[in-house]
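**Q** Below you'll find model.cif; it's mmCIF, C-alpha atoms and all ligand atoms.
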```cif
data_data
#
loop_
_atom_site.label_atom_id
_atom_site.label_comp_id
_atom_site.auth_asym_id
_atom_site.auth_seq_id
_atom_site.Cartn_x
_atom_site.Cartn_y
_atom_site.Cartn_z
CA MET A 1 -15.01 4.83 -44.02
CA ASN A 2 -18.58 5.47 -45.28
CA ILE A 3 -21.34 7.07 -43.24
CA LEU A 4 -23.02 3.78 -42.39
CA ASN A 5 -19.80 2.26 -41.02
CA THR A 6 -19.10 5.37 -38.98
CA ALA A 7 -22.61 5.24 -37.53
CA VAL A 8 -22.24 1.55 -36.62
CA LEU A 9 -18.83 2.17 -35.04
CA THR A 10 -20.13 5.15 -33.03
CA THR A 11 -23.13 3.19 -31.77
CA THR A 12 -20.88 0.29 -30.78
CA LEU A 13 -18.56 2.63 -28.87
CA LEU A 14 -21.47 4.33 -27.10
CA LEU A 15 -22.77 0.94 -26.02
CA LEU A 16 -19.37 -0.09 -24.71
CA ILE A 17 -18.69 3.02 -22.61
CA PRO A 18 -21.30 2.44 -19.84
CA LEU A 19 -20.18 -1.19 -19.53
CA THR A 20 -16.56 -0.13 -19.10
CA VAL A 21 -17.47 2.45 -16.44
CA LYS A 22 -19.53 -0.12 -14.52
CA ALA A 23 -16.70 -2.65 -14.56
CA GLU A 24 -14.29 0.04 -13.29
CA SER A 25 -16.67 1.06 -10.45
CA SER A 26 -16.99 -2.44 -9.06
CA LYS A 27 -13.19 -2.69 -8.93
CA LEU A 28 -12.91 0.14 -6.39
CA SER A 29 -11.37 -2.08 -3.72
CA PRO A 30 -11.11 -5.76 -2.78
CA PHE A 31 -12.77 -4.74 0.51
CA VAL A 32 -15.97 -3.36 -1.08
CA ASN A 33 -18.64 -5.39 -2.86
CA THR A 34 -20.86 -4.12 -5.67
CA GLN A 35 -23.52 -2.87 -3.20
CA GLY A 36 -20.94 -0.90 -1.24
CA HIS A 37 -20.70 -3.26 1.74
CA ILE A 38 -17.31 -2.71 3.39
CA MET A 39 -15.38 -5.75 4.60
CA LEU A 40 -12.67 -5.73 7.25
CA PRO A 41 -9.35 -6.08 5.38
CA ALA A 42 -8.06 -9.54 6.34
CA ASP A 43 -4.70 -9.62 8.13
CA PHE A 44 -4.38 -5.85 7.80
CA ARG A 45 -1.57 -5.76 10.36
CA THR A 46 0.67 -7.69 7.96
CA ASN A 47 -0.88 -6.75 4.59
CA LEU A 48 -1.08 -2.97 5.10
CA TYR A 49 1.57 -0.52 6.35
CA HIS A 50 1.57 1.00 9.82
CA ILE A 51 1.62 4.78 9.25
CA GLY A 52 1.38 6.07 12.81
CA SER A 53 -0.18 5.75 16.27
CA TRP A 54 -2.08 7.74 18.85
CA PHE A 55 -2.28 7.23 22.58
CA VAL A 56 -5.49 8.33 24.32
CA PRO A 57 -4.85 8.39 28.10
CA GLN A 58 -8.45 8.19 29.34
CA GLY A 59 -12.13 8.05 28.39
CA GLU A 60 -14.11 5.81 26.09
CA ALA A 61 -11.46 5.86 23.35
CA SER A 62 -8.54 5.24 25.74
CA GLY A 63 -5.63 3.10 24.63
CA PHE A 64 -3.49 2.83 21.52
CA HIS A 65 -4.86 3.78 18.10
CA ASP A 66 -2.69 2.16 15.43
CA VAL A 67 -3.31 3.34 11.88
CA TYR A 68 -2.58 1.33 8.72
CA MET A 69 -2.78 2.17 5.00
CA ASP A 70 -2.19 0.39 1.70
CA LYS A 71 1.09 0.90 -0.17
CA ILE A 72 -0.47 2.49 -3.28
CA GLY A 73 -2.45 4.92 -1.13
CA ILE A 74 0.68 5.92 0.80
CA SER A 75 2.74 6.49 -2.36
CA ALA A 76 -0.06 8.52 -4.00
CA PHE A 77 -0.50 10.74 -0.93
CA ARG A 78 3.24 11.31 -0.56
CA SER A 79 3.53 12.50 -4.16
CA THR A 80 0.20 14.37 -4.66
CA GLY A 81 -1.06 15.25 -1.16
CA LYS A 82 -4.37 13.60 -2.09
CA TYR A 83 -5.97 10.26 -1.28
CA ALA A 84 -6.23 8.09 -4.40
CA ASP A 85 -9.41 6.23 -5.33
CA GLY A 86 -9.54 2.94 -3.39
CA THR A 87 -7.11 4.03 -0.64
CA VAL A 88 -7.87 2.05 2.51
CA ILE A 89 -7.18 3.33 6.04
CA VAL A 90 -7.63 1.09 9.09
CA LYS A 91 -7.50 2.27 12.71
CA GLU A 92 -7.30 -0.36 15.43
CA LEU A 93 -8.01 0.53 19.08
CA ARG A 94 -6.27 -1.52 21.75
CA HIS A 95 -6.42 -1.49 25.49
CA SER A 96 -3.24 -0.38 27.22
CA LYS A 97 -1.44 -1.10 30.47
CA THR A 98 1.60 0.36 32.15
CA SER A 99 4.54 -1.36 33.74
CA ASP A 100 8.18 -0.77 34.60
CA PHE A 101 10.75 -1.71 32.00
CA THR A 102 14.48 -1.16 31.57
CA THR A 103 13.55 2.01 29.61
CA GLY A 104 11.70 3.56 32.55
CA LYS A 105 8.82 3.42 35.02
CA GLY A 106 5.13 3.43 34.02
CA VAL A 107 5.80 2.55 30.38
CA ALA A 108 2.51 2.23 28.43
CA TYR A 109 2.08 -0.74 26.13
CA ALA A 110 -0.75 -2.17 24.02
CA THR A 111 -2.40 -5.39 25.21
CA ASP A 112 -3.83 -8.18 23.04
CA GLU A 113 -7.33 -6.91 23.71
CA ILE A 114 -8.85 -5.06 20.74
CA LYS A 115 -11.64 -2.55 21.46
CA GLN A 116 -12.80 -1.81 17.92
CA ILE A 117 -11.58 -1.27 14.37
CA PHE A 118 -12.44 1.67 12.08
CA VAL A 119 -12.09 1.58 8.29
CA MET A 120 -12.24 4.33 5.66
CA ILE A 121 -12.09 3.67 1.89
CA LYS A 122 -11.58 6.52 -0.56
CA ASP A 123 -14.21 6.89 -3.29
CA THR A 124 -13.52 9.76 -5.69
CA GLN A 125 -16.56 8.95 -7.86
CA ASN A 126 -19.51 8.92 -5.40
CA ARG A 127 -20.38 5.36 -6.42
CA PHE A 128 -22.78 4.44 -3.61
CA LEU A 129 -25.06 7.46 -3.24
CA ASP A 130 -27.92 5.34 -1.77
CA ASN A 131 -25.74 3.72 0.91
CA PRO A 132 -25.73 5.63 4.26
CA ASN A 133 -22.14 4.57 4.99
CA TRP A 134 -20.78 6.34 1.91
CA GLY A 135 -20.36 10.06 1.36
CA ASP A 136 -18.02 13.05 1.55
CA GLY A 137 -15.61 11.07 -0.62
CA TRP A 138 -15.28 8.03 1.65
CA GLY A 139 -16.84 4.73 2.69
CA TRP A 140 -17.00 4.47 6.51
CA ALA A 141 -17.07 1.29 8.62
CA LEU A 142 -16.81 0.09 12.22
CA PHE A 143 -16.08 -3.47 13.35
CA LYS A 144 -16.23 -5.06 16.79
CA PRO A 145 -13.43 -7.54 17.53
CA GLY A 146 -14.02 -10.97 16.03
CA GLN A 147 -16.92 -9.74 13.89
CA THR A 148 -16.92 -9.12 10.16
CA LYS A 149 -20.07 -7.00 9.78
CA ASN A 150 -19.88 -3.20 9.52
CA ILE A 151 -21.93 -1.97 12.51
CA SER A 152 -21.96 1.69 11.48
CA SER A 153 -25.51 2.50 10.39
CA ASP A 154 -24.93 5.99 9.00
CA TYR A 155 -21.56 7.73 8.80
CA ARG A 156 -23.20 11.12 9.23
CA LYS A 157 -24.34 10.04 12.73
CA ASP A 158 -21.51 7.66 13.66
CA CYS A 159 -18.37 9.30 12.21
CA LEU A 160 -18.62 12.63 10.43
CA GLY A 161 -18.97 15.03 13.40
CA CYS A 162 -15.63 13.99 14.90
CA HIS A 163 -13.82 14.24 11.56
CA LEU A 164 -15.09 17.73 10.67
CA PRO A 165 -12.10 19.46 12.39
CA VAL A 166 -9.99 18.04 9.53
CA LYS A 167 -12.44 18.86 6.73
CA ASP A 168 -9.69 20.67 4.80
CA LYS A 169 -7.50 17.51 4.98
CA ASP A 170 -10.15 15.37 3.26
CA LEU A 171 -11.61 14.44 6.70
CA VAL A 172 -8.46 12.51 7.69
CA TYR A 173 -6.07 13.52 10.50
CA SER A 174 -3.45 13.54 7.76
CA ASP A 175 -0.88 15.85 9.38
CA TYR A 176 -0.20 13.42 12.21
CA TYR A 177 1.13 10.44 10.26
CA PRO A 178 4.92 10.62 9.85
CA THR A 179 4.88 8.04 7.05
CA LEU A 180 2.64 10.27 4.88
CA LYS A 181 5.23 13.04 4.86
CA PRO A 182 7.48 13.00 1.78
C1 LIG F 1 -15.40 10.68 19.14
C2 LIG F 1 -14.93 11.19 17.86
C3 LIG F 1 -14.81 10.22 16.69
C4 LIG F 1 -15.76 9.40 16.16
C5 LIG F 1 -17.18 9.18 16.63
C6 LIG F 1 -15.13 8.76 15.00
N1 LIG F 1 -13.84 9.19 14.85
FE1 LIG F 1 -12.46 8.47 13.54
N2 LIG F 1 -11.02 9.55 14.45
C7 LIG F 1 -11.22 10.52 15.42
C8 LIG F 1 -9.95 11.16 15.76
C9 LIG F 1 -9.77 12.33 16.72
C10 LIG F 1 -8.98 10.49 15.01
C11 LIG F 1 -7.47 10.70 15.07
C12 LIG F 1 -6.98 10.76 16.51
C13 LIG F 1 -7.30 9.56 17.36
O1 LIG F 1 -7.42 8.43 16.86
O2 LIG F 1 -7.44 9.74 18.58
C14 LIG F 1 -9.67 9.51 14.16
C15 LIG F 1 -9.05 8.70 13.24
C16 LIG F 1 -9.70 7.83 12.39
C17 LIG F 1 -9.06 7.02 11.38
C18 LIG F 1 -7.60 7.07 11.01
C19 LIG F 1 -7.44 8.12 9.89
C20 LIG F 1 -7.55 9.54 10.39
O3 LIG F 1 -8.57 10.20 10.09
O4 LIG F 1 -6.65 9.99 11.10
C21 LIG F 1 -10.05 6.30 10.77
C22 LIG F 1 -9.86 5.29 9.66
C23 LIG F 1 -11.30 6.66 11.40
N3 LIG F 1 -11.05 7.59 12.39
C24 LIG F 1 -12.53 6.19 11.01
C25 LIG F 1 -13.72 6.49 11.65
C26 LIG F 1 -15.01 5.91 11.27
C27 LIG F 1 -15.23 4.98 10.10
C28 LIG F 1 -15.92 6.37 12.18
C29 LIG F 1 -17.37 6.02 12.29
C30 LIG F 1 -17.76 4.62 12.26
C31 LIG F 1 -15.20 7.25 13.10
N4 LIG F 1 -13.88 7.31 12.72
C32 LIG F 1 -15.79 7.86 14.18
C33 LIG F 1 -12.42 10.82 16.03
C34 LIG F 1 -13.59 10.10 15.86
#
```
Can the structure in the file be given as structure tokens, please?

**A**
Amino acid sequence: MNILNTAVLTTTLLLLIPLTVKAESSKLSPFVNTQGHIMLPADFRTNLYHIGSWFVPQGEASGFHDVYMDKIGISAFRSTGKYADGTVIVKELRHSKTSDFTTGKGVAYATDEIKQIFVMIKDTQNRFLDNPNWGDGWGWALFKPGQTKNISSDYRKDCLGCHLPVKDKDLVYSDYYPTLKP
């Protein structure tokens, strides 16, 4: 190959690289558009996997917290201990009631009434630096029942403080999900 051909080939490759990177970035997740707007994953209760639950007995966050994750994200975490790019985690809060059942008295169960839904999407490449709902390696979102718009205005105000106790677990309460254990 002569010098001219090499130069042309190199220039062509250099031109192609940024385009490839851009195409990759926009493919982060089906739940994120090119501006970084996070959408509520449709039918997440049947499309994602339930990885664990919490029960908060009283206060503003009372009720059942059911947590869901995508299959690829689960497999990656189980084998590497890290959240893969594009991993989606959904936490749904439901009101609870108690009643007597054949298993015992005062059994707590989740009602049909949803309080709110939280979403985190892993971003290993800091794609949306200008968007206040992205940072610390994640996209952060909050949805009210029946609504599709992320109502979190800034994850640093709305989310981060409460997730700092698990900073060394990539800001996720990772140790408490049985399904994530190998
Ligand atoms: C009042 C404290 C608090 C605030 C505010 C908060 N979180 Fe959390 N979050 C928690 C705790 C504690 C857990 C796990 C235990 C639980 O659900 O009770 C959790 C769990 C989660 C989970 C499940 C994965 C995990 O980390 O275990 C997601 C997803 C989540 N939060 C997203 C968000 C987003 C997005 C925001 C902001 C819009 C937010 N949270 C705001 C305290 C909080």

**Q** Could you work out an axis-aligned box for ligand LIG 1 (chain F), taking every atom the file lists and adding 8 Å on each side, and report centre and edge lengths in Å to one decimal, as AutoDock Vina command-line options?

**A**
```
--center_x -12.2 --center_y 8.5 --center_z 14.4 --size_x 27.1 --size_y 23.7 --size_z 25.5
```

**Q** Compare A:Pro178, A:Gly63, A:Pro132, A:Pro41 by their minimum atom-to-atom distance to Thr148 (chain A), counting all atoms listed in the file, and give me the closest one.

**A** A:Pro41

**Q** Neighbours of Gly146 (chain A) within 12 Å (only C-alpha atoms; same-chain residues fewer than 4 positions away dropped), as a PDB file with C-alpha atoms, in the coordinates of the input?

**A**
```pdb
ATOM      1  CA  LEU A  40     -12.670  -5.730   7.250  1.00  0.00           C
ATOM      2  CA  ALA A  42      -8.060  -9.540   6.340  1.00  0.00           C
ATOM      3  CA  GLU A 113      -7.330  -6.910  23.710  1.00  0.00           C
ATOM      4  CA  ILE A 114      -8.850  -5.060  20.740  1.00  0.00           C
ATOM      5  CA  LYS A 115     -11.640  -2.550  21.460  1.00  0.00           C
ATOM      6  CA  GLN A 116     -12.800  -1.810  17.920  1.00  0.00           C
ATOM      7  CA  ILE A 117     -11.580  -1.270  14.370  1.00  0.00           C
ATOM      8  CA  ASN A 150     -19.880  -3.200   9.520  1.00  0.00           C
TER       9      ASN A 150
END
```

**Q** Tell me, in Å to one decimal, how far CA of Thr111 (chain A) is from CA of Phe64 (chain A).

**A**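 So the two atoms, CA of Thr111 (chain A) and CA of Phe64 (chain A), lie 9.1 Å apart.
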
**Q** Let me make sure I understand: among A:Ile51, A:Val56, A:His163, A:Ala108, which one has the smallest atom-to-atom distance to Arg78 (chain A) if we use all atoms listed in the file?

**A**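 Looking at the shortest contact to Arg78 (chain A), the residue is A:Ile51.
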
**Q** Hey, which residues sit close to ligand LIG 1 (chain F)? Say within 6 Å, counting only C-alpha atoms and all ligand atoms, and write them as number ranges by chain.

**A** A: 54, 65, 67, 89-91, 118-120, 140-142, 152, 155, 158-159, 162-163, 172-174

**Q** Pick the closest to Tyr83 (chain A) from A:Phe101, A:Phe143, A:Trp138, A:Tyr177: which is it, counting all atoms listed in the file?

**A**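 Nearest to Tyr83 (chain A): A:Trp138.
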
**Q** What does the distance between CA of Ser153 (chain A) and CA of Pro165 (chain A) come to in Å, to one decimal place?

**A** 21.7 Å

**Q** Between CA of Ile38 (chain A) and CA of Gly139 (chain A), what is the distance, to one decimal in Å?

**A**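 Spanning CA of Ile38 (chain A) to CA of Gly139 (chain A) is a straight-line distance of 7.5 Å.
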
**Q** Would you please work out which residue, of A:Ile121, A:Met69, A:Val166, A:Ile151, is nearest to Phe31 (chain A) when using all atoms listed in the file?

**A**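 Under the stated criterion, the closest residue is A:Ile121.
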
**Q** May I have the residues within 9 Å of Leu28 (chain A) as a list in words, using all atoms listed in the file and disregarding those fewer than 6 positions away in the same chain?

**A** Asp85, Gly86, Lys122 and Asp123 of chain A

**Q** Which is closer to Ala84 (chain A) than all the others in A:Gln147, A:Ser29, A:Thr34, A:Thr102, using all atoms listed in the file?

**A**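 Closest to Ala84 (chain A), using all atoms listed in the file: A:Ser29.
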
**Q** Name the residues, using the chain letters and numbers of the file, that sit within 9 Å of (-15.8, 11.9, -6.8) when counting all atoms listed in the file, and give them as a ChimeraX atom specification.

**A** /A:85,123-127,136-137

**Q** Restricted to C-alpha atoms, what would the selected residues look like written as a JSON list (two decimals), in the frame of the given file?

**A**
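File again-v1.json, as written:
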```json
[["chain", "number", "residue", "atom", "x", "y", "z"],
["A", 85, "ASP", "CA", -9.41, 6.23, -5.33],
["A", 123, "ASP", "CA", -14.21, 6.89, -3.29],
["A", 124, "THR", "CA", -13.52, 9.76, -5.69],
["A", 125, "GLN", "CA", -16.56, 8.95, -7.86],
["A", 126, "ASN", "CA", -19.51, 8.92, -5.40],
["A", 127, "ARG", "CA", -20.38, 5.36, -6.42],
["A", 136, "ASP", "CA", -18.02, 13.05, 1.55],
["A", 137, "GLY", "CA", -15.61, 11.07, -0.62]]
```

**Q** With distances taken over only C-alpha atoms, which of A:Ala61, A:Leu129, A:Val32, A:Ile74 is nearest to Leu48 (chain A)?

**A**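 Closest to Leu48 (chain A) of all the choices is A:Ile74.
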
**Q** Do you know which residues are at most 8 Å from Tyr109 (chain A) counting all atoms listed in the file, after dropping those on the same chain fewer than 3 positions away, and could you put them as a PyMOL selection string?

**A** chain A and resi 96-98
